[in-house]
Each structure stands twice: as structure tokens, then as C-alpha cells.
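Structure data follow from input_14.txt (compact mmCIF, C-alpha atoms):
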```txt
# COMPACT_ATOMS: atom_id res chain seq x y z
CA MET A 1 93.78 108.62 97.64
CA LYS A 2 94.58 105.31 95.95
CA ILE A 3 98.24 104.47 95.32
CA LEU A 4 99.77 101.70 93.21
CA TYR A 5 103.41 101.23 94.18
CA PHE A 6 105.91 99.29 92.01
CA SER A 7 108.95 97.85 93.81
CA THR A 8 111.30 95.59 91.86
CA THR A 9 111.86 93.58 95.05
CA TYR A 10 109.80 93.56 98.24
CA SER A 11 111.04 90.61 100.24
CA PRO A 12 113.63 89.61 101.07
CA VAL A 13 114.99 93.11 101.68
CA THR A 14 118.31 93.45 99.87
CA HIS A 15 118.57 97.26 99.64
CA GLY A 16 117.08 100.51 100.91
CA PRO A 17 114.33 100.91 98.25
CA ALA A 18 112.83 97.50 99.17
CA LEU A 19 112.84 98.50 102.84
CA THR A 20 111.06 101.77 101.98
CA ALA A 21 108.48 99.80 99.98
CA GLN A 22 107.71 97.61 102.99
CA ILE A 23 107.28 100.60 105.28
CA ILE A 24 104.98 102.40 102.83
CA ALA A 25 102.97 99.22 102.26
CA ASN A 26 102.26 99.18 106.01
CA ILE A 27 100.65 102.63 106.12
CA PRO A 28 97.30 101.98 107.84
CA GLU A 29 94.48 101.82 105.33
CA ASN A 30 91.40 103.99 105.90
CA ASP A 31 88.40 105.30 103.98
CA SER A 32 90.45 107.93 102.17
CA PHE A 33 93.84 106.22 101.77
CA GLU A 34 95.01 102.89 100.36
CA VAL A 35 98.36 101.57 99.08
CA ARG A 36 98.68 98.45 96.94
CA MET A 37 102.05 96.93 96.17
CA VAL A 38 103.34 95.36 92.94
CA SER A 39 106.64 93.45 92.95
CA GLU A 40 108.64 90.70 91.31
CA SER A 41 109.53 89.20 94.68
CA PHE A 42 107.29 88.32 97.64
CA VAL A 43 109.30 85.59 99.34
CA PHE A 44 107.63 86.36 102.68
CA ASN A 45 105.48 89.06 104.30
CA LYS A 46 103.37 89.58 101.19
CA PRO A 47 100.98 92.45 101.99
CA PRO A 48 97.24 92.06 101.39
CA LYS A 49 95.94 92.97 97.93
CA ALA A 50 99.46 92.83 96.50
CA TYR A 51 100.23 91.85 92.90
CA LEU A 52 103.09 89.63 91.76
CA ILE A 53 104.82 90.13 88.42
CA ASP A 54 106.74 87.16 87.09
CA ILE A 55 109.39 88.50 84.71
CA SER A 56 111.78 86.14 82.97
CA ILE A 57 114.28 87.77 80.64
CA PHE A 58 116.44 85.66 78.33
CA ARG A 59 120.14 86.16 78.99
CA ILE A 60 120.69 87.66 75.54
CA PHE A 61 118.28 90.48 76.47
CA HIS A 62 119.62 91.17 79.99
CA ALA A 63 121.17 94.46 78.88
CA TRP A 64 117.66 95.63 77.95
CA GLY A 65 116.20 94.48 81.28
CA LYS A 66 115.18 97.92 82.53
CA TRP A 67 113.51 98.81 79.22
CA ILE A 68 111.62 95.53 79.16
CA ARG A 69 110.46 96.20 82.73
CA MET A 70 109.31 99.71 81.81
CA TRP A 71 106.87 98.23 79.30
CA ILE A 72 105.78 95.25 81.43
CA TYR A 73 105.20 97.53 84.43
CA PHE A 74 103.05 99.86 82.33
CA LYS A 75 101.00 96.92 81.00
CA LYS A 76 100.52 95.55 84.53
CA ALA A 77 99.43 98.93 85.86
CA LYS A 78 96.95 99.28 83.00
CA GLU A 79 95.54 95.83 83.82
CA ILE A 80 95.22 96.62 87.55
CA TYR A 81 93.54 99.97 86.86
CA LYS A 82 90.43 98.16 85.56
CA ASP A 83 89.67 96.93 89.09
CA TYR A 84 91.63 99.42 91.18
CA ALA A 85 91.36 102.94 89.77
CA PHE A 86 94.46 104.37 91.45
CA ASP A 87 95.19 108.10 91.67
CA TYR A 88 98.97 107.76 92.06
CA LEU A 89 101.40 105.43 90.35
CA VAL A 90 104.75 105.26 92.18
CA PHE A 91 107.95 103.51 91.04
CA ASN A 92 110.75 102.77 93.50
CA ASP A 93 113.20 103.04 90.59
CA ALA A 94 112.16 106.22 88.80
CA LEU A 95 113.30 105.38 85.29
CA LEU A 96 111.10 102.25 85.27
CA GLY A 97 108.13 104.60 85.12
CA PHE A 98 109.33 106.26 81.91
CA PHE A 99 106.78 104.66 79.54
CA SER A 100 103.95 105.15 82.05
CA ALA A 101 104.85 108.84 82.39
CA ILE A 102 104.73 109.27 78.61
CA ILE A 103 101.51 107.36 77.97
CA TRP A 104 99.54 108.65 80.98
CA ARG A 105 100.93 112.17 80.94
CA LYS A 106 97.62 113.83 80.00
CA THR A 107 95.44 111.78 82.35
CA SER A 108 94.44 112.43 85.94
CA ILE A 109 96.87 109.75 87.19
CA LYS A 110 99.88 111.21 89.00
CA ILE A 111 103.22 109.51 88.25
CA TRP A 112 106.01 109.58 90.89
CA GLY A 113 109.36 107.86 91.08
CA PHE A 114 112.29 107.35 93.46
CA CYS A 115 115.80 108.38 92.45
CA ASN A 116 117.99 106.34 94.81
CA ASP A 117 121.50 107.17 93.59
CA ASN A 118 123.38 109.32 91.09
CA ALA A 119 124.86 106.49 89.00
CA TYR A 120 123.39 107.79 85.75
CA MET A 121 123.94 111.44 86.61
CA ASN A 122 127.68 110.73 86.86
CA LEU A 123 127.86 108.94 83.55
CA THR A 124 130.90 110.89 82.29
CA SER A 125 133.01 109.39 85.09
CA ASN A 126 131.73 105.84 84.57
CA VAL A 127 134.49 103.23 84.50
CA ASN A 128 132.70 101.39 81.67
CA LYS A 129 132.71 104.31 79.25
CA TRP A 130 134.85 102.46 76.68
CA ARG A 131 132.63 99.37 76.82
CA LEU A 132 129.32 98.48 75.17
CA SER A 133 127.58 98.63 78.58
CA PHE A 134 128.26 102.36 78.60
CA LEU A 135 125.84 102.74 75.68
CA MET A 136 123.06 101.07 77.71
CA GLU A 137 123.81 103.25 80.70
CA GLY A 138 123.58 106.28 78.42
CA LEU A 139 120.10 105.14 77.41
CA HIS A 140 119.22 104.71 81.09
CA THR A 141 120.36 108.27 81.70
CA LEU A 142 118.00 109.48 78.96
CA ALA A 143 115.13 107.53 80.55
CA GLU A 144 115.90 108.95 83.99
CA TYR A 145 116.14 112.45 82.50
CA GLY A 146 112.78 111.94 80.79
CA MET A 147 111.17 110.69 83.99
CA MET A 148 112.50 113.71 85.88
CA HIS A 149 110.72 116.02 83.45
CA LEU A 150 107.61 114.02 82.54
CA SER A 151 106.58 112.71 85.97
CA ASP A 152 104.52 114.66 88.48
CA GLY A 153 107.16 114.30 91.18
CA ILE A 154 110.42 112.63 92.19
CA PHE A 155 111.58 111.42 95.61
CA THR A 156 115.25 111.36 96.56
CA CYS A 157 116.64 109.73 99.70
CA SER A 158 118.86 112.69 100.65
CA GLN A 159 119.23 116.43 100.14
CA TYR A 160 122.57 115.74 98.48
CA LEU A 161 120.90 113.59 95.84
CA ARG A 162 118.08 116.11 95.41
CA THR A 163 120.56 118.94 94.76
CA HIS A 164 122.56 116.73 92.41
CA ALA A 165 119.45 115.76 90.39
CA ILE A 166 118.31 119.38 90.06
CA ALA A 167 121.74 120.42 88.76
CA ALA A 168 122.32 117.39 86.49
CA TYR A 169 118.88 117.30 84.85
CA GLY A 170 117.79 120.92 85.11
CA VAL A 171 114.59 120.02 86.96
CA ASN A 172 112.36 122.51 88.76
CA GLU A 173 113.31 122.11 92.42
CA LYS A 174 109.66 122.18 93.51
CA ARG A 175 109.07 118.84 91.77
CA ILE A 176 111.80 116.96 93.64
CA LYS A 177 111.20 116.04 97.29
CA CYS A 178 113.70 114.67 99.78
CA LEU A 179 112.15 111.67 101.53
CA TYR A 180 114.55 110.25 104.09
CA PRO A 181 114.39 106.49 104.71
CA GLY A 182 113.07 105.12 108.00
CA ILE A 183 113.52 101.99 110.10
CA SER A 184 111.51 100.05 112.67
CA PHE A 185 112.86 100.47 116.19
CA SER A 186 111.03 97.38 117.38
CA PHE A 187 113.26 95.43 114.98
CA TRP A 188 116.50 97.42 115.22
CA THR A 189 116.71 97.42 119.01
CA PHE A 190 119.60 99.00 120.93
CA ASN A 191 122.27 96.94 122.63
CA LEU A 192 125.00 98.90 124.40
CA ARG A 193 128.32 97.04 124.29
CA ASP A 194 131.22 96.76 126.69
CA TYR A 195 133.87 98.54 124.65
CA LYS A 196 136.87 98.00 126.92
CA HIS A 197 139.48 96.88 124.43
CA ASP A 198 141.99 94.97 126.58
CA GLU A 199 143.51 93.25 123.54
CA LYS A 200 140.22 91.50 122.73
CA LEU A 201 139.29 90.36 119.24
CA GLU A 202 137.61 93.24 117.38
CA GLU A 203 134.77 92.00 115.17
CA ILE A 204 134.22 94.21 112.09
CA LEU A 205 131.15 94.08 109.85
CA PHE A 206 130.93 95.15 106.19
CA VAL A 207 127.45 94.97 104.56
CA LYS A 208 126.96 96.06 100.95
CA GLY A 209 125.68 94.45 97.75
CA ASP A 210 127.89 96.62 95.52
CA TYR A 211 131.13 95.94 97.38
CA LYS A 212 133.22 98.06 94.99
CA ASN A 213 131.19 101.22 95.58
CA GLY A 214 130.99 100.21 99.26
CA GLY A 215 134.76 100.64 99.46
CA LEU A 216 135.65 97.08 100.46
CA SER A 217 139.08 97.30 98.81
CA VAL A 218 139.77 100.48 100.80
CA LEU A 219 138.73 98.73 104.01
CA LEU A 220 141.00 95.76 103.25
CA LYS A 221 143.96 98.07 102.66
CA ALA A 222 143.21 99.90 105.91
CA LEU A 223 142.97 96.67 107.90
CA ASN A 224 146.22 95.47 106.37
CA ARG A 225 147.88 98.49 108.01
CA LEU A 226 146.52 97.59 111.45
CA ASN A 227 148.60 94.46 112.03
CA LYS A 228 149.20 95.25 115.70
CA TYR A 229 145.48 94.75 116.41
CA THR A 230 143.56 91.50 116.59
CA PHE A 231 140.41 91.54 114.48
CA ARG A 232 138.09 89.53 112.21
CA LEU A 233 136.18 90.92 109.22
CA HIS A 234 132.64 89.74 108.43
CA ILE A 235 131.49 90.46 104.85
CA ALA A 236 127.78 90.24 104.01
CA GLY A 237 125.40 91.24 101.23
CA ILE A 238 127.49 90.23 98.20
CA PRO A 239 125.32 88.60 95.46
CA ALA A 240 126.30 85.13 94.28
CA ALA A 241 127.13 86.51 90.83
CA GLN A 242 129.93 88.60 92.38
CA GLU A 243 131.48 85.85 94.50
CA SER A 244 134.24 84.89 92.06
CA LYS A 245 135.43 88.51 91.75
CA LEU A 246 135.24 88.90 95.52
CA LYS A 247 137.43 85.81 96.03
CA LYS A 248 140.07 87.28 93.72
CA LEU A 249 140.09 90.48 95.76
CA LEU A 250 140.35 88.66 99.09
CA LYS A 251 143.26 86.50 97.86
CA LYS A 252 145.38 89.66 97.93
CA TYR A 253 145.05 89.72 101.73
CA PRO A 254 145.86 86.15 102.88
CA LEU A 255 146.80 87.24 106.41
CA LEU A 256 143.43 88.83 107.20
CA ASP A 257 140.85 86.80 109.13
CA ILE A 258 137.69 87.03 106.97
CA ILE A 259 134.27 85.36 106.99
CA CYS A 260 131.88 85.78 104.01
CA TYR A 261 128.10 85.25 104.24
CA GLY A 262 126.74 86.23 100.82
CA GLN A 263 123.29 87.80 100.61
CA ILE A 264 121.48 87.43 103.93
CA SER A 265 118.18 88.46 105.51
CA PRO A 266 117.74 91.59 107.64
CA ARG A 267 117.46 89.30 110.68
CA LYS A 268 120.89 87.86 109.98
CA VAL A 269 122.29 91.37 109.41
CA ARG A 270 120.86 92.41 112.77
CA GLU A 271 122.33 89.31 114.40
CA LEU A 272 125.77 90.17 113.00
CA MET A 273 125.47 93.75 114.24
CA TYR A 274 124.89 92.48 117.78
CA GLN A 275 127.76 90.02 117.37
CA CYS A 276 130.23 92.56 115.96
CA ASP A 277 131.82 95.66 117.48
CA THR A 278 132.37 97.93 114.46
CA LEU A 279 130.30 98.53 111.34
CA CYS A 280 132.53 99.86 108.57
CA VAL A 281 131.22 100.53 105.05
CA PRO A 282 133.65 103.15 103.66
CA SER A 283 131.54 104.00 100.60
CA ILE A 284 133.11 105.65 97.57
CA ASN A 285 129.75 107.28 96.83
CA GLU A 286 126.39 106.88 98.56
CA GLY A 287 122.94 108.38 98.02
CA PHE A 288 122.13 107.94 101.70
CA GLY A 289 123.55 104.81 103.37
CA ILE A 290 120.68 103.18 105.28
CA ILE A 291 123.06 100.59 106.77
CA ASN A 292 124.67 103.34 108.86
CA ILE A 293 121.28 104.26 110.33
CA GLU A 294 120.58 100.63 111.15
CA GLY A 295 124.00 100.39 112.76
CA LEU A 296 123.44 103.42 114.96
CA ALA A 297 120.08 102.02 116.01
CA THR A 298 121.69 98.80 117.26
CA GLY A 299 124.52 100.47 119.20
CA ILE A 300 127.42 99.20 117.10
CA SER A 301 130.29 101.64 116.51
CA VAL A 302 130.01 103.07 112.98
CA VAL A 303 132.98 104.13 110.85
CA THR A 304 132.12 105.45 107.38
CA THR A 305 133.04 108.11 104.81
CA GLN A 306 132.20 111.75 104.10
CA THR A 307 130.55 111.20 100.75
CA GLY A 308 127.16 111.67 99.08
CA GLY A 309 124.28 111.86 101.56
CA ILE A 310 126.18 110.34 104.49
CA PRO A 311 127.26 113.70 106.05
CA GLU A 312 123.55 114.62 106.42
CA VAL A 313 123.37 111.85 109.03
CA PHE A 314 126.95 111.83 110.26
CA PRO A 315 128.16 115.28 111.26
CA MET A 316 131.89 115.06 111.80
CA ASP A 317 132.81 113.32 115.09
CA LYS A 318 129.38 113.15 116.70
CA TYR A 319 127.70 109.77 116.28
CA GLY A 320 130.43 107.77 114.56
CA TRP A 321 133.72 108.31 112.75
CA THR A 322 134.01 109.57 109.17
CA THR A 323 136.94 109.80 106.76
CA PRO A 324 137.39 110.98 103.17
CA PRO A 325 136.41 108.29 100.63
CA ALA A 326 139.14 106.11 99.08
CA ASP A 327 141.64 107.06 101.81
CA ASP A 328 142.83 103.85 103.46
CA VAL A 329 145.38 105.69 105.65
CA ALA A 330 142.72 107.94 107.18
CA LEU A 331 140.37 104.97 107.53
CA ALA A 332 143.01 102.95 109.40
CA GLU A 333 143.57 105.87 111.76
CA ALA A 334 139.83 106.28 112.40
CA LEU A 335 139.40 102.56 113.13
CA ALA A 336 142.35 102.53 115.53
CA HIS A 337 141.05 105.64 117.33
CA CYS A 338 137.59 104.10 117.61
CA TRP A 339 138.91 100.83 119.03
CA MET A 340 141.17 102.44 121.63
CA ASN A 341 138.63 104.90 123.08
CA SER A 342 135.90 102.91 124.82
CA LYS A 343 134.31 105.87 126.61
CA GLU A 344 134.00 107.77 123.35
CA ARG A 345 132.41 104.74 121.67
CA VAL A 346 129.74 104.50 124.35
CA GLY A 347 128.95 108.22 124.14
CA ARG A 348 128.60 108.19 120.38
CA ALA A 349 126.51 105.02 120.45
CA LEU A 350 124.02 106.59 122.87
CA ALA A 351 123.88 109.86 120.92
CA GLY A 352 123.48 108.00 117.63
CA ARG A 353 120.51 105.96 118.82
CA LYS A 354 118.76 109.10 120.06
CA MET A 355 119.38 110.92 116.78
CA VAL A 356 118.01 108.03 114.72
CA GLU A 357 114.88 107.78 116.90
CA ASN A 358 114.22 111.50 116.39
CA ASN A 359 114.78 111.60 112.64
CA PHE A 360 114.47 108.22 110.93
CA SER A 361 111.45 106.35 112.24
CA SER A 362 109.21 104.36 109.90
CA LEU A 363 106.26 106.47 111.10
CA LEU A 364 108.02 109.67 110.04
CA LEU A 365 108.74 108.17 106.61
CA GLN A 366 105.06 107.26 106.17
CA GLN A 367 103.89 110.71 107.24
CA ASN A 368 106.35 112.52 104.96
CA PHE A 369 105.46 110.30 102.02
CA ILE A 370 101.80 111.27 102.29
CA LYS A 371 102.64 114.91 102.93
CA CYS A 372 104.77 115.10 99.77
CA LEU A 373 102.00 113.67 97.58
CA ILE A 374 99.32 115.93 99.05
CA SER A 375 101.43 119.09 98.78
CA GLU A 376 102.53 118.58 95.17
```
Kindly return the structure encoded in the file as C-alpha cells.
Amino acid sequence: MKILYFSTTYSPVTHGPALTAQIIANIPENDSFEVRMVSESFVFNKPPKAYLIDISIFRIFHAWGKWIRMWIYFKKAKEIYKDYAFDYLVFNDALLGFFSAIIWRKTSIKIWGFCNDNAYMNLTSNVNKWRLSFLMEGLHTLAEYGMMHLSDGIFTCSQYLRTHAIAAYGVNEKRIKCLYPGISFSFWTFNLRDYKHDEKLEEILFVKGDYKNGGLSVLLKALNRLNKYTFRLHIAGIPAAQESKLKKLLKKYPLLDIICYGQISPRKVRELMYQCDTLCVPSINEGFGIINIEGLATGISVVTTQTGGIPEVFPMDKYGWTTPPADDVALAEALAHCWMNSKERVGRALAGRKMVENNFSSLLLQQNFIKCLISE
């Protein structure tokens, strides 16, 4: 089985799909199995036999970026096939495989893609629907719909997303597989904290590239309610292009103690998790929420929301604390309860690490990835 895997980014890791690409690229090669990676970004840890695509898109054509990539990715795969006759062509963003699925539909090559969120499935509720960008997102929805029906299989990162895709696109449920993400426990090691509050400074960590969907404004409102506590908020993962908008948001909360880091490496994220006491990403919507898994693995207290695929990992009041999305009052109450119950924090941290070890290892992800392809 020869697999060619397209990941828009590989390193540095800035989101869950890139992390999944790295784990799959590290599946041990043998006589009957080989994975080769193609990406636009290999800053470090470039795997052997990997291919780099250098894509430069003029600003005027940025809106058509995904469509341009669809064609360039197809052309690159066609070029690679001459020397590496792959059996499977996998795209970590499903709709980028749209042209490949059309052109190679009647060949022996199997086309698979990852659906990582429901952004295009929820197009009717999109905040941009009265703007020109809504037209482009409508075209992206058509491409994702086409990929769902033309490809040989689709991976989703949660059962929630799988169910949503089946309902939104009318896809045969046998063709869509739930492939949960995984993490390396040698990297995300456990560090049990001393959670005795005693009026100490509570360090809070927020990590999300899309800070709006990550619920940062909700978190800020919640923290503004907790003025009897002493805390500091660390914000990481925000792209440079969003910094000006972020500054405008933070100016509304001049009394909050906030440190911003921008986009950082997984090592820096891990360092902040060991430094901080609470991880809080109160997502408005989330396909899965890999950051919560990483948080549980490190032993930090996790406070999040009951939305999307998160409840599949976070049963109510077991490993962390969950609240309804966009509810800053409930979020403030959950944070205060977490901070003032040290024994409970320790118990949930220990239970969370054990749960993650049992269900979200990188080895389990690799095994399930192969199993899904073989059982198609």
C-alpha cells in the first residue's frame, strides 16, 4: 500500500491537521506499506522522501487560493506518480482534492480527504453572508460537497462532525470514517500541580488561531466578572494578520492582566501549559478541540464548552469543566469553582491523563488510519 499525503502545512504545527500529518508520516515503513508527504511548509522535521510545493499566490487572487491549490496539488500528484505509483491519495483538507477526485475517479487510485470542521456545512449561518466572501465560501461548500460524493472515503475528527457531514451532504454513512486525533505522550508529559489556591496568582492559558471561534471575547467577559480573584491571561496562537483586531478587542478590558505571544511552536505551548494553572478555550464551535487533549495530557486544569465534538472527550464534570458556548456567566462560575476546589482539580487531572492515554495515542491514530483504508 503506497500513500501520497497532502498537508497544507507540516511544520511548524499550527493546527490539528498538521499534527495528524506528522503522526501519519511517522508510521513505520515496511515492505507492504509506505507514506510519502507533500506540503507547502517543512520548516523543520522534514520526513524522508517528502516533497515540497512552493505556492505563491498574488494578493489579488487570494480569494481563489483553495481553487488554485486544488489544481496545483493535482498537477504535483500527477508528477510524483511517474516515480511513485501510489495507491491512495489523501488530502488533509478534503476539498483540496476536488479536482483530483474528478480526474482520477475512474482509475485504480483511491482518493481520501479529511473534513476538519463544519464551517462550510453551516454556510446559512455565516456572518459574512452579505459580503462578497460569502460567494467564495459558497463555492467552497460546493467543492466540499463534490469531494464528499466523488472521493472513495472521508475522515472526520469526531463522531459529531461525521454525523453532521452525513446530514448536511447526504453522504452514505459507510464512506465517512471517524478518525480521532492522537498525541505523543513522550512529548506531552504529565506534571501534577499543587492546586492549593491560598490567594495565589492564577495563570490562565488561551491557545487558538481563530480566536473568535475560540471564544476569546466570552473568556474576557467572564474574567471581567471575576475581579475578586488574582489572575493573568496568556494568549497564544493568534496569526500576525489578526493582531490589530485582537488589540482592539483587548483594549475593551484595560484592567485585565494579559500577555500575548502570537503564533508559537508546540514546545512553547507545552512550556506555557506547565507554567499555567488553567487552560480555557471556550469555543463557540469545534470539530474536536485537540488543545483540550494536550491540556489533559500535561495535567493542567481544563475549562471548555459543550459544543461540537468536545463532549465526546469531556463528559460533564469528569476530566475538566464544561459550560454552554457563548455564556460568560456560566464560564465565570466554572472558572471560580475550578480555582477554589484544589482536591477536585487533582482528581480530574489524574483521570484526564489516564483517559487520554487510553484513547488518544499517536499509535492508535496510526492503527485506525490504516484500518479505515483497508476496510473501505
From the list A:Val303, A:Thr230, A:Asn116, A:Lys110, the nearest residue to Pro325 (chain A) using all atoms listed in the file is A:Val303
Anything within 6 Å of (128.9, 106.6, 96.7): list those residues as a PyMOL selection string, counting all atoms listed in the file and sticking to the file's coordinates.
chain A and resi 213+283-286+308
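Among the candidates A:Leu161, A:Ala119, A:Cys260, A:Cys372, the residue lying nearest to Ile238 (chain A) is A:Cys260 (atoms considered: all atoms listed in the file).
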Near-Ala25 (chain A) list (8 Å; only C-alpha atoms; drop same-chain fewer than 4 positions) as a PyMOL selection string = chain A and resi 21+35-37+47
Test item: axis-aligned box, all listed atoms of region 145-153 of chain A, 8 Å on each side, centre and edges in Å rounded to one decimal, as JSON:
```
{"center_x": 110.3, "center_y": 113.4, "center_z": 86.0, "size_x": 27.6, "size_y": 21.3, "size_z": 26.4}
```
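Closest to Pro282 (chain A) among A:Leu96, A:Lys318, A:Lys354, A:Leu205 is A:Leu205, based on all atoms listed in the file.
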Item to complete: Between CA of Ala165 (chain A) and CA of Ile291 (chain A), measure the distance and give it in Å to one decimal.
Response: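 So the two atoms, CA of Ala165 (chain A) and CA of Ile291 (chain A), lie 22.6 Å apart.
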One residue among A:Phe187, A:Trp112, A:Tyr73, A:Tyr180 is nearest to Lys268 (chain A) when using all atoms listed in the file, and that residue is A:Phe187
Nearest to Asn45 (chain A), restricted to all atoms listed in the file and choosing among A:Arg69, A:Ser11, A:Ile27, A:Thr322, comes out as A:Ser11
Practice prompt. Kindly give the distance, in Å, that separates CA of Thr305 (chain A) and CA of Leu216 (chain A), rounded to a single decimal.
Written response: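 It comes out at 12.1 Å.
Close contacts of Glu203 (chain A), defined as residues with an atom at most 7 Å away when counting all atoms listed in the file, with chain neighbours fewer than 5 positions off set aside, comprise A:Phe231, A:Arg232, A:Leu233, A:Cys276, A:Asp277, A:Thr278.
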* To do: Go through A:Lys106, A:Phe61, A:Asp31, A:Pro17 and flag the residue nearest Phe91 (chain A), using only C-alpha atoms for the distances.
  =>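 Among A:Lys106, A:Phe61, A:Asp31, A:Pro17, it is A:Pro17 that comes nearest to Phe91 (chain A).
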**Item:** Long-range neighbours of Lys343 (chain A) as a count of residues only, 12 Å cut-off, all atoms listed in the file, 2 positions minimum in chain
**Value:** 18
